[in-house]
Structures are given as structure tokens and as C-alpha cells.
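Worksheet: one structure, shown below.
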Amino acid sequence: MESSAQPLANNTGLSKTYEFSEVEKRWLARWLDEKAFAATMEPGKASFSVVIPPPNVTGVLHIGHALNNTLQDILVRYHRMRGDNTLWVPGTDHAGIATQNVVERQLASEGKNRHDLGRDAFIERVWQWRSEKGGAIVKQLKRLGASCDWDRERFTMDDGLSRAVREVFVRLYHEGLIYKGSYIINWCPRCHTALADDEVDHEESDGTLYHLRYPVTNDAGEAGDVVVATTRPETMLGDTAVAVHPEDERYRHLHGAMIELPLTGRTIPIICDSYVEREFGTGALKVTPAHDRNDYEMALRHQLPQLKILDDSGVMNENAGAYAGQDRFACRKQIVADLKAQGFLVKEEAYRHAVGGCYRCHTVIEPNVSEQWFVSVRPLADKAVAAVQSSRINIYPDTWYKTFYNWMDNIRDWCISRQIWWGHRIPAWTCAACSKVIVAVDDPDVCPFCGSSSLTQEEDVLDTWFSSALWPFSTLGWPQQTKELATFYPTSVLITSFDILFFWVARMMMMGLHFLDEVPFKDVYLHALVRDKFGKKMSKSTGNVIDPLDMIAQYGTDALRFTLTAFAAQGREIRLDEERVDGYRRFINKLWNAARFAEMHLSQDASIRPLVDDVHPKGLAHRWILSRVNATIREVRAALDHYNFNEAASSCYQFVWHYFCDWYLEWIKPDLFSKDAAVVAEARATLLGVFEQTLALLHPIIPFVTEEIWSHLPGERGLLMLAPFPEARPERDDAQAEEEMGLLMEVISGLRTIRTEAELHPGAQIKASIFCANTDKRTILQRHRSDIMALVRASELDIAEAGGVPNDAGHALVQDVELVVPLKGLIDVAAELEKLNKEQARLELELNRINTKLANEQFVAKAPPAVVAKEREKALELATRLEKILESINRMQALR
RNA sequence: GGGCGAAUAGCUCAGCUGGGAGAGCAUCGGCCUUACAAGCCGAGGGUCACAGGUUCGAUCCCUGUUUCGCCCACCA
């Protein structure tokens with residue numbers, strides 16, 4: 001057929017501007033309709049699987065989710081395109097306390113509480129809430145483009161997972177790794193439940209350190225005083241001893257003495273314990289075993305009684321005597337006042353210290369002694385540590401290893417019971433007849449020990465993290481031996497935020513290794529927290545929250561995804577700046593416009609064939625861009641294989657904008673418009689081939705725009721998301737083309753610089769000379785003479801071995817090549833000079849005016865300093881501009 | 001108290017086992033050149049925190065200092 005020298009009709013399929021909102025909606029629907037995200041389990045293929053860190057069912061998508069799920073989606077799409085059996089399991093977490101709080105608030109607004117409903121009705125109510133509102137985050141994840149296998153969505157409370165929870169609990173119990181015991185735990189007086197150590201947030205706060213005088217009664221008759229220091233004076237009502245360090249000389253005479261505890265009339269002993277820090281406070285420590293962990297442990301060592309003075313709501317109980325019924329903080333004030341009145345308060349000093357709060361509701365937690373269920377984690381932790389040490393699990397970035405080991409070495413038993421209703425109720429029953437405890441997977445009807453049918457199930461539920469710990473295998477069907485489990489366990493990588501390394505990641509390792517004897521995931525990638533651009537944590541109260549849904553609405557999902565990817569450098573906190581999102585939106589737009597250009601040249605050419613493997617274009621630019629594509633493919637693959645997401649993004653960006661658009665497309669324009677059909681065909685084929693590869697390469701990061709463009713490229717094609725991921729083809733590496741293009745690009749840039757510096761009109765045609773003594777380089781330059789001329793707008797270009805540089809010429813040297821552009825005669829010097837002179841006059845006038853103003857003492861003294869400063873700035877600016885104008889004038893005059 | 005990390009252009013950051021100091025944004029100058037002014041072509045801008053050391057050579061490795069940030073921890 002005839003080659004077309006005309007641009008093809010403007011009636012292209014791609015709209016002039018990229019309407020991301022419409023495109024995203026359309027493709028998401030299509031992907032879901034076609035079940036393109038569904039896992040495959042074809043024999044003989046490699047497997048790639050990921051389980052989503054299940055967001056709380058109460059959650060809404062925040063920027064952290066957006067980051068987390070973008071990174072997962074990139075890997076999942078990448079591996080799916082590589083042809084692996086790929087599964088991404090989605091789901092949500094029942095989030096015990098958080099969800100119960102939400103529903104309780106709802107009830108409160110109706111003037112009710114959960115006890116009004118009773119346990120069963122309340123749980124029913126939570127399920128109802130979940131079916132109405134619990135799916136919000138799932139929709140948002142879809143909108144983000146998350147290519148999860150949505151038909152496999154799981155919920156930590158659904159039947160299968162609940163079954164797994166029971167199975168695990170029962171097995172651990174019978175192995176002696178779960179036990180019930182009385183111990184001091186963190187108690188939230190608002191949520192009315194125990195909290196694990198890591199569910200307590202310690203925050204610095206300003207408090208007061210009270211020094212209290214306790215009178216000593218000594219049998220020998222030498223009465224004296226001991227002064228103790230405390231931040232929580234109300235707990236003195238529960239003191240059962242005062243401790244001093246055994247080697248503290250100051251208190252040696254008091255060993256074995258007794259103290260008359262003020263306000264209570266109780267008498268308590270002085271004990272010696274080396275836990276006491278002699279340097280702190282007075283060196284004497286009041287001991288309140290029921291309400292302080294260290295005191296509790298000390299009390300065990302000394303067989304001291306535990307006296308509880310607070311109830312579960314943080315209200316003083318009957319043991320508080322006259323203070324019973326007071327709230328703990330009100331009581332604190334009262335006690336201080338009373339002690340002061342009776343002369344027992346020695347001093348108060350301001351004191352900054354860390355106070356523990358409930359991680360859900362931020363209520364100050366109260367250490368409390370109670371009956372709880374625990375997991376003995378030591379044996380489980382040892383397996384996890386061994387797996388990491390032997391590299392069966394790798395952690396990225398590797399800075400986390402040390403933290404991980406350190407934490408695992410100091411791990412304590414895990415308190416797994418929670419005194420709430422929403423969650424997996426502990427599968428333990430007590431027989432009223434024989435008092436034995438039955439722990440079983442299935443609800444027992446009768447006591448297996450005595451046959452009695454009066455069994456009472458444990459009231460407590462399990463810590464939310466208990467079920468999350470099973471997530472990698474419970475979601476795959478365990479305890480059944482499913483095909484999914486066989487295909488996808490262990491999962492390939494876990495991507496999560498570092499702040500749940502211990503809550504969750506470590507516990508998954510323990511459970512996976514214990515029950516399946518295999519790691520739950522081979523790699524762990526811990527990403528940073530997303531902060532604002534000043535490095536501050538985002539929080540509603542600070543008002544610096546960047547809402548991903550806003551970003552999506554404003555800039556598009558792809559722009560947000562690309563931004564997050566570009567920021568995801570390992571081991572670095574992410575300071576998200578909205579301007580960057582806008583910047584990457586422009587990148588998407590650039591890609592869109594390149595697509596429009598490509599489409600213009602490709603769409604109506606029925607004979608167009610994409611580049612096939614055994615065809616090798618001859619044109620330098622084609623060879624060069626194919627070589628660049630190869631390099632980029634390698635970079636992106638290597639980056640993704642090593643979780644260097646930012647590098648993948650930056651390679652793509654560099655390739656698309658600078659190699660492909662700035663150089664390649666500009667370079668091949670003459671080819672595309674050529675009269676020579678072979679030249680046109682080669683250009684079109686290469687353009688199509690390269691563009692296809694580019695889209696495929698970018699797809700994992702920006703799925704929507706790439707899929708849309710892909711669908712408009714000529715030829716029958718399926719979904720891009722299921723197309724093969726590009727592979728580097730060594731036969732297309734072309735060092736020679738890279739070198740030649742490198743030289744030409746430098747020469748062209750050099751000539752452009754001369755043009756710009758000479759202040760030539762960009763449209764003006766120049767006559768340039770190039771002198772190059774190097775024969776090889778000169779040959780290259782001569783071969784591409786017309787390319788150079790096109791790209792620097794030269795009407796004439798001499799390429800010679802050597803020559804002289806005239807005085808009135810722009811001159812530059814790149815790669816041993818002298819670039820010369822004679823300036824004379826290229827522009828209308830007279831007209832230019834007139835323009836410049838006018839500008840000079842204008843600037844001088846203005847400058848004069850400001851200088852006069854600044855010379856005026858009155859002005860400088862009385863005007864607001866900011867105004868004066870601004871005037872000075874302006875003067876400086878004008879002066880520099882004037883200087884430049886004068887330079888130009890000089891140059892012009894030299895040309896005359 | 002223990003541990004970890006960071007310090008590179010005005011801003012946000014790359015710089016992946018030692019040899020060229022880089023990107024995006026912002027700034028300045030010039031352009032609506034037939035994909036893109038959401039663009040193009042150019043330009044300016046850095047004692048790579050500081051001080052030592054190793055090396056032919058240090059942003060990079062070592063030591064110390066300073067300043068930030070984070071995590072863990074029972075000093076009441």
C-alpha cells in the first residue's frame with residue numbers, strides 16, 4: 001500500500017484529555033465482570049500468593065492502606081503477567097474492641113447499652129452493622145485497583161476461619177501452650193477488657209510527683225518517717241509494703257520496721273528488694289501489688305497480700321474505705337488534699353512521665369490482677385527466630401532484623417482473653433457438677449468426665465490478633481488440606497507496615513510454623529508510615545490528613561499509585577507532598593498524549609504489525625530505543641524482585657518521558673512522515689512494539705490508564721493485565737546504537753544551548769558547523785546530518801575535520817566535537833537592538849524610581865520592614881535583568 | 001535506659017559492594033515548533049551536617065561530635 005505522508009484522521013479513539021474518572025470506573029467494572037483477578041491453579045507453574053493485611057471491618061481507606069495495597073497490587077499484577085499462578089486473598093478483620101465500640105456508640109445514641117440487649121442480641125446487632133456498613137473499605141480497595149480475587153474474600157469471624165481458630169486453640173491447649181492464670185494485666189476501664197502489652201500506647205504526659213510521708217512505728221521506740229514518691233497517690237490505699245534497697249545505708253535501721261499507713265489505719269511492713277532504685281526519688285518505694293506490675297512481682301517474692309482498691313471501671317471499691325465510689329482521678333485529688341491537711345504531703349513536683357493508654361480509646365489503662373488466658377509463646381517464638389535466622393523468612397529492609405530478634409528475645413506470654421462480646425468466644429466450658437474444664441472444637445452437650453449437662457462456656461473472647469495470626473493458612477482453608485493450601489502456602493511475601501511487626505507478623509510466623517511446620521511467607525516487606533510533608537504523623541486533630549479518596553478524585557487513582565510507589569524507598573519514612581501527586585498526574589497525561597500521537601500514526605494503518613522478535617529495525621533511533629527498553633525492563637524487573645518500588649517507578653518515568661517522548665518520538669517524526677514506505681513501516685512497527693512494552697511495563701503501577709491505551713492500540717488484543725510482562729531480549733541490546741545516540745544527543749543539546757544563549761527565535765533556522773577530528777565520530781555525525789538538522793532547526797550543517805571559529809559565533813565543545821553557530825545574519829539585529837534598548841530604558845526608569853524611594857530615609861524608617869525588604873528585592877532583580885539586557889545589547893552590537 | 005535510622009540543590013528525595021554529584025518540584029530566560037502550554041527548549045543553584053582517619057582517590061568505609069526522627073523498656 002501507499003505510505004501515508006499525511007497525519008491520519010483526527011478522529012481517533014482516544015479523547016483529547018484523559019478522563020481518568022470515567023476510565024477507571026469502566027475498567028474496574030470490566031476486570032471484575034471478567035473475573036480477571038481470579039486465581040489460577042495450573043499445574044507446572046510457579047505460584048505467587050499474597051494475603052492482604054486485613055483492614056478492620058470498621059475502617060475507611062486511609063493513606064497507609066493506599067500505600068500498602070498499591071505495593072501489593074504491583075507485585076500481584078507483575079507476577080500475574082509473568083504467568084505465575086497468582087492469588088491475592090482479600091478480607092477484613094472483625095477488630096474486636098474497635099467494632100464493639102462502634103456498635104456500642106450506635107446503641108448509646110439510642111439511649112441503650114449492650115447489657116440492655118444481652119449478649120446474643122448484641123452480637124446479632126454487630127453482624128447487622130457489618131452487613132450494612134462493614135463493606136466500605138472493600139469498595140475502596142477495589143477503587144484503588146487492588147486485583148484481589150474478590151470471590152475469595154474472607155472475614156476473620158466467618159465460619160471457616162472460626163473453625164481454624166477453635167482448632168488452634170484446642171490444640172495449643174492440649175499441648176499445654178495455652179493456660180489460664182491469675183496475673184497482673186493491662187486493664188482498660190472504659191472497654192472493660194484486658195489488653196496485651198503491645199496494645200498499650202505509652203505517651204509522655206505532664207504529671208506530678210508527690211512525696212508522701214509515712215510514719216514509722218519501730219518496736220525499739222525510735223519512731224521516724226519514710227518519704228515515698230508516687231505519681232498516683234490514690235494507690236496508697238492499696239499499699240501493702242514500702243520497699244527499700246537492701247544495701248541502702250539510709251534505711252538500714254528500718255529493716256523489719258512497720259509503717260502506719262496514713263488515712264487507713266493499716267500497718268504495713270518495710271521490705272528490702274534490690275528492684276528499688278536508690279537514686280530515684282527518696283529511694284523508698286510504696287508497694288501496691290494489685291495495681292502495678294513491678295509491685296505485683298515484688299509482692300510475689302515477699303508473699304505480700306494484694307489489695308484491690310479499684311473496680312473494673314476505675315472506681316474506688318470497698319477496700320478504699322471512705323473513698324469508695326469515687327472515680328480514680330477524683331479520688332487522687334481528694335487523697336492529696338487529705339494528706340496535705342494531715343501533714344503527710346511533703347512536696348509536689350512537676351514530673352513528666354509516660355502514661356499507658358488503651359490503643360483503641362486512649363483511656364489511661366489500669367494495671368489489674370485478674371484471671372486471664374495466656375499463650376506460652378517461648379517455644380513458638382523460638383521456631384520463628386530459627387526460621388528467620390536460617391533465611392527461610394527474609395525481612396526487607398534488613399534493618400528490621402535486629403529489632404525483630406530483640407523483641408523475640410524479650411517476649412512475654414501473650415494474654416489472649418478479652419472481656420468483650422464481639423469476637424471468637426473461648427471454646428472452654430466448666431462443668432457445674434465436677435468443676436472440670438472442657439476445651440473442645442465442637443460445643444459439648446455433656447461433660448465428658450461426669451456426664452453432666454450443666455456446662456457453662458467461658459465468657460471471654462479471644463484477642464483479635466489471635467485469629468489474624470492464622471490468616472495466611474486459615475484463609476486457604478486450613479485445617480482442611482485444600483488445593484489452595486497446597487498451591488499457595490507458604491505465601492510469597494507479606495507486605496505490611498512496620499508498626500504491626502509484633503502484633504501480627506511475628507505471631508503469624510509462630511502459628512504457621514507450629515501448625516503447618518512451614519513459614520507463612522517467604523519474605524516480609526515492611527514499609528514506612530506515611531507522614532505529611534513535614535514528617536509529622538497524619539492525624540485528624542493536627543488536620544494534616546491526606547485522604548487517598550480525595551487524591552483519587554482530584555488526580556486519579558493512577559497518579560496516586562505512582563506517587564506512593566515513587567515514595568516507597570526502603571527504610572525511609574514517607575513524607576507525602578500533594579504537589580508530587582499532581583506532578584505524577586502530569587506524567588499520566590504525558591503518557592496519554594504519547595498514546596494519542598502513536599494512535600494517530602498507527603490506528604488506520606491496516607497493514608500495521610507489531611514488531612516481532614526476529615525483525616531488527618535498522619534505523620539508529622529504533623535500535624537505540626529498543627536497547628533502552630531492554631535496559632528499562634531489566635531495571636524494573638530487578639527493582640520489583642527486590643522490593644525497590646521507587647526505583648521501578650523512577651526507571652519507568654525516565655524511560656517514558658525522557659527517552660521515549662523527548663528523544664525517540666521527536667526523532668522518528670520525519671520517518672513517520674517519510675515518502676519511503678519501508679521507512680514508515682519500520683517506524684510504525686517499532687513504535688507499536690515499543691509502546692506495547694512500555695504499557696506492559698507500567699501496568700502494575702498504573703493499571704487503569706495503561707489498560708485503556710492498550711485497548712486502543714491496533715490489532716486484536718485481550719486484557720493488558722493478562723498480557724505477558726516484558727522480557728529483555730539480549731539480541732536487542734545495542735551498545736553501538738547507545739553510543740552513537742549518546743554522541744548525537746550531546747551534539748544536539750549543545751547546539752540548542754548555543755541557540756538559546758544567542759537568544760534566537762526558536763523558529764529561526766540556523767547555519768551550523770561541526771568540527772570533529774575523530775574520524776569515527778565524524779562519520780556518525782555525517783550519517784545523521786539530517787536528524788541533527790531537524791532537531792536543532794538548521795538549514796545548513798557543515799561537518800568537517802577542522803576549521804576556525806569566527807568571533808561572532810556561538811561555540812561549544814562536547815565529546816571532542818566543536819560546535820559552531822555563526823550568528824551573523826540570522827536575526828534582524830536592528831530590530832532586536834531597538835527592542836532591547838526599549839527594555840533597557842524601561843528597566844532603568846523603574847530601577848531609578850525604586851532607588852530613589854530606598855534613598856529616602858523617611859521611607860526606610862517608617863514603612864513596614866516587609867515592604868522595604870520587598871522593594872530592595874525588586875531593585876536587585878531589576879538590576880540583574882538590566883545587566884542581562886546590557887549583555888545582550890553588547891552581543892548584538894558586536895554582530896552589526 | 002537500650003536499639004535503630006536520618007542529615008546531599010530553595011522543597012521532597014534518589015545515589016543499590018569507593019572513581020561522573022543527580023531527579024522531580026520550585027526559580028530564571030525563551031517558545032502556542034503539526035501528541036502534549038497539564039507542553040517544549042535552555043539556564044542558574046550543592047564545602048554531600050561537622051572533625052579526624054583509612055585509601056592513589058571518600059557523599060559512600062572507620063572513629064568521634066552535633067542536630068533531628070522512630071522503636072522498645074517496669075524507674076515509682
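If you're wondering about the labels, chains in the C-alpha cells are A, B, ... by order shown, residues count from 1 in each chain, ligands from 1 in order shown.
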
Name the residues of region 184-352 of chain A that fall into helix (DSSP H, G or I) according to DSSP on the backbone, using the chain letters and numbers of this document, as a ChimeraX atom specification. /A:197-199,233-238,249-254,289-291,293-302,318-323,328-341

Hey, what's within 12 Å of C70 (chain B) if we count only C-alpha atoms (C1' of nucleotides) and toss same-chain stuff fewer than 6 positions away? As JSON, numbers by chain, please? {"A": [498, 499, 528, 529, 535, 536, 537, 571, 572, 573], "B": [3, 4, 5, 6]}

Residue selection dump (N, CA and C atoms (P, O5', C5', C4', C3', O3' and C1' of nucleotides)) as a short mmCIF file (atom, residue, chain, number, x, y, z; two decimals), in the first residue's frame:
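Output file again-v8.cif follows:
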data_model
loop_
_atom_site.label_atom_id
_atom_site.label_comp_id
_atom_site.auth_asym_id
_atom_site.auth_seq_id
_atom_site.Cartn_x
_atom_site.Cartn_y
_atom_site.Cartn_z
N PHE A 498 5.47 -1.42 59.33
CA PHE A 498 6.33 -1.96 60.38
C PHE A 498 5.69 -1.93 61.76
N ASP A 499 4.67 -1.09 61.95
CA ASP A 499 4.14 -0.96 63.31
C ASP A 499 3.35 -2.18 63.77
N ALA A 528 7.14 2.02 55.26
CA ALA A 528 7.12 3.09 56.25
C ALA A 528 5.69 3.57 56.52
N LEU A 529 5.60 4.38 57.54
CA LEU A 529 4.36 5.10 57.79
C LEU A 529 4.32 6.30 56.85
N GLY A 535 7.00 15.62 57.85
CA GLY A 535 7.44 14.48 58.64
C GLY A 535 6.57 14.20 59.84
N LYS A 536 5.46 14.89 59.94
CA LYS A 536 4.57 14.67 61.08
C LYS A 536 3.59 13.54 60.76
N LYS A 537 3.24 12.81 61.80
CA LYS A 537 2.21 11.79 61.63
C LYS A 537 0.92 12.48 61.23
N GLY A 571 13.35 1.66 53.96
CA GLY A 571 13.98 2.20 55.14
C GLY A 571 13.86 3.70 55.30
N ARG A 572 12.93 4.24 54.59
CA ARG A 572 12.82 5.69 54.64
C ARG A 572 11.38 6.04 54.97
N GLU A 573 11.19 7.03 55.81
CA GLU A 573 9.82 7.42 56.07
C GLU A 573 9.30 8.15 54.84
P G B 3 22.71 0.11 72.91
"O5'" G B 3 21.65 -0.11 71.74
"C5'" G B 3 21.34 -1.42 71.30
"C4'" G B 3 20.17 -1.41 70.37
"C3'" G B 3 20.35 -0.62 69.08
"O3'" G B 3 21.13 -1.30 68.12
"C1'" G B 3 18.23 -0.13 70.00
P C B 4 21.99 -0.46 67.10
"O5'" C B 4 20.86 0.05 66.09
"C5'" C B 4 20.01 -0.87 65.43
"C4'" C B 4 18.92 -0.13 64.70
"C3'" C B 4 19.39 0.96 63.75
"O3'" C B 4 19.88 0.46 62.53
"C1'" C B 4 17.58 1.77 65.02
P G B 5 21.02 1.28 61.78
"O5'" G B 5 20.21 2.50 61.16
"C5'" G B 5 19.16 2.26 60.25
"C4'" G B 5 18.33 3.50 60.08
"C3'" G B 5 19.04 4.73 59.54
"O3'" G B 5 19.26 4.65 58.15
"C1'" G B 5 17.60 5.35 61.30
P A B 6 20.47 5.47 57.55
"O5'" A B 6 19.90 6.96 57.58
"C5'" A B 6 18.77 7.32 56.79
"C4'" A B 6 18.34 8.71 57.14
"C3'" A B 6 19.36 9.80 56.89
"O3'" A B 6 19.36 10.21 55.53
"C1'" A B 6 18.42 10.09 59.03
#

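When only C-alpha atoms (C1' of nucleotides) are used to compute distances to chain A, the closest of the residues B:A73, B:C68, B:A35, B:C40 turns out to be B:A35.
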
Contact residues (chain A, partner chain B, 8 Å, only C-alpha atoms (C1' of nucleotides)) as a VMD selection string: chain A and resid 229 to 231 277 280 285 to 286 293 to 294 399 403 407 533 571 575 577 579 to 580 583 586 589 to 590 593 to 598 752 to 753 756 to 757 759 761 to 763

Nearby residues (only C-alpha atoms (C1' of nucleotides)) at most 12 Å from Trp27 (chain A), same-chain spacing under 6 positions excluded, as a short mmCIF file (atom, residue, chain, number, x, y, z; two decimals) with N, CA, C and O atoms, in the first residue's frame:
data_model
loop_
_atom_site.label_atom_id
_atom_site.label_comp_id
_atom_site.auth_asym_id
_atom_site.auth_seq_id
_atom_site.Cartn_x
_atom_site.Cartn_y
_atom_site.Cartn_z
N PHE A 20 -9.81 10.45 33.66
CA PHE A 20 -9.47 9.28 34.47
C PHE A 20 -10.65 8.69 35.22
O PHE A 20 -10.77 7.47 35.37
N SER A 21 -11.54 9.56 35.62
CA SER A 21 -12.62 9.06 36.45
C SER A 21 -13.50 8.06 35.69
O SER A 21 -13.84 6.98 36.18
N ASP A 33 -16.08 -7.98 36.12
CA ASP A 33 -17.02 -8.79 35.33
C ASP A 33 -16.35 -10.01 34.75
O ASP A 33 -16.90 -11.11 34.75
N GLU A 34 -15.17 -9.80 34.21
CA GLU A 34 -14.47 -10.90 33.55
C GLU A 34 -13.72 -11.78 34.54
O GLU A 34 -13.04 -12.71 34.14
N LYS A 35 -13.83 -11.43 35.79
CA LYS A 35 -13.11 -12.16 36.84
C LYS A 35 -11.63 -12.31 36.49
O LYS A 35 -11.02 -13.37 36.63
N ALA A 36 -11.09 -11.23 36.03
CA ALA A 36 -9.69 -11.24 35.60
C ALA A 36 -8.73 -11.36 36.78
O ALA A 36 -7.56 -11.67 36.60
N LYS A 142 -11.20 -1.79 46.00
CA LYS A 142 -11.45 -2.06 44.59
C LYS A 142 -11.18 -0.82 43.76
O LYS A 142 -10.58 -0.87 42.69
N ARG A 143 -11.61 0.29 44.28
CA ARG A 143 -11.44 1.54 43.56
C ARG A 143 -9.95 1.85 43.36
O ARG A 143 -9.54 2.49 42.39
N LEU A 144 -9.17 1.41 44.32
CA LEU A 144 -7.73 1.61 44.22
C LEU A 144 -7.13 0.72 43.12
O LEU A 144 -5.99 0.91 42.71
N GLY A 145 -7.92 -0.23 42.68
CA GLY A 145 -7.44 -1.12 41.62
C GLY A 145 -6.91 -2.44 42.14
O GLY A 145 -6.34 -3.23 41.38
N SER A 147 -6.14 -5.89 42.76
CA SER A 147 -6.57 -7.02 41.95
C SER A 147 -6.65 -8.29 42.78
O SER A 147 -6.06 -9.32 42.44
N PRO A 703 -2.40 0.77 36.50
CA PRO A 703 -3.16 -0.20 35.70
C PRO A 703 -4.24 0.41 34.81
O PRO A 703 -4.48 -0.10 33.72
N PHE A 704 -4.87 1.46 35.28
CA PHE A 704 -6.05 1.93 34.55
C PHE A 704 -5.69 2.58 33.22
O PHE A 704 -6.21 2.20 32.17
N VAL A 705 -4.81 3.57 33.26
CA VAL A 705 -4.51 4.29 32.04
C VAL A 705 -3.83 3.38 31.01
O VAL A 705 -4.07 3.47 29.81
N THR A 706 -3.02 2.45 31.50
CA THR A 706 -2.33 1.57 30.56
C THR A 706 -3.31 0.61 29.89
O THR A 706 -3.21 0.36 28.69
N GLU A 707 -4.25 0.11 30.68
CA GLU A 707 -5.25 -0.80 30.10
C GLU A 707 -6.09 -0.07 29.05
O GLU A 707 -6.40 -0.60 27.98
N GLU A 708 -6.43 1.17 29.36
CA GLU A 708 -7.25 1.95 28.43
C GLU A 708 -6.50 2.19 27.12
O GLU A 708 -7.03 1.97 26.04
N ILE A 709 -5.27 2.62 27.21
CA ILE A 709 -4.50 2.90 25.99
C ILE A 709 -4.28 1.61 25.19
O ILE A 709 -4.46 1.57 23.99
N TRP A 710 -3.93 0.59 25.93
CA TRP A 710 -3.70 -0.73 25.31
C TRP A 710 -4.88 -1.14 24.43
O TRP A 710 -4.72 -1.63 23.33
N SER A 711 -6.06 -0.91 24.97
CA SER A 711 -7.26 -1.37 24.26
C SER A 711 -7.46 -0.58 22.96
O SER A 711 -8.21 -1.01 22.09
N LEU A 719 -6.93 -8.47 27.47
CA LEU A 719 -6.63 -7.53 28.54
C LEU A 719 -5.12 -7.39 28.72
O LEU A 719 -4.39 -8.38 28.70
N LEU A 720 -4.69 -6.16 28.93
CA LEU A 720 -3.27 -5.94 29.23
C LEU A 720 -2.89 -6.62 30.54
O LEU A 720 -1.79 -7.14 30.68
N MET A 721 -3.80 -6.58 31.50
CA MET A 721 -3.44 -7.14 32.82
C MET A 721 -3.14 -8.64 32.74
O MET A 721 -2.55 -9.19 33.66
#

If we count only C-alpha atoms (C1' of nucleotides), what is near region 644-647 of chain A at a cut-off of 8 Å, once residues fewer than 2 positions away on the same chain are taken out, given as a PyMOL selection string? chain A and resi 71+565-570+635-636+639-642+649-651

As a ChimeraX atom specification, please: the residues near G10 (chain B) (cut-off 9 Å, only C-alpha atoms (C1' of nucleotides), same-chain neighbours under 3 positions excluded). /B:26-27,45

Write to file, as a PDB file, in the first residue's frame, the residues of the selection just made, with C-alpha atoms (C1' of nucleotides).
ATOM      1  C1'   A B  26      10.197  25.315  42.671  1.00  0.00           C
ATOM      2  C1'   U B  27      13.191  29.585  40.337  1.00  0.00           C
ATOM      3  C1'   G B  45      21.705  26.590  42.070  1.00  0.00           C
TER       4        G B  45
END

If you run DSSP on the backbone here, which positions in region 179-220 of chain A get strand (DSSP E or B)? Please write them as a PyMOL selection string. chain A and resi 179-188+193-195+200-217

Selection: 12 Å around Cys361 (chain A), only C-alpha atoms (C1' of nucleotides), excl. self and same-chain fewer than 2 positions, as a PyMOL selection string: chain A and resi 97-102+188-193+195+199-201+356-359+363-365

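Distance-wise, CA of Ser454 (chain A) and CA of Val165 (chain A) end up 24.6 Å apart.
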
Neighbouring residues of Asp295 (chain A) were defined as those with any atom within 12 Å, considering only C-alpha atoms (C1' of nucleotides); residues of the same chain fewer than 3 positions away were excluded. Please report them as JSON, numbers by chain. {"A": [184, 235, 238, 239, 240, 241, 242, 243, 271, 273, 275, 276, 285, 286, 287, 288, 289, 290, 291, 292, 298, 299, 300, 301, 302, 303, 304, 305, 306, 307, 367, 368, 369], "B": [74, 76]}

Looking at only C-alpha atoms (C1' of nucleotides), which of B:G19, B:G44, B:A9, B:C32 is the one that sits closest to C56 (chain B)?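 The shortest atom-to-atom distance to C56 (chain B) comes from B:G19.
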
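Counting only C-alpha atoms and comparing A:Thr775, A:Thr208, A:Ser474, A:Thr694, the residue that lies closest to Gly512 (chain A) is A:Ser474.
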
If I take CA of Ile395 (chain A) and CA of Val524 (chain A), how far is one from the other in Å, to one decimal?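 Between these atoms lies a distance of 4.8 Å.
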
Measuring between only C-alpha atoms, which one of A:Ala677, A:Ala553, A:Ala164, A:Leu141 shows the shortest distance to His424 (chain A)? A:Ala164
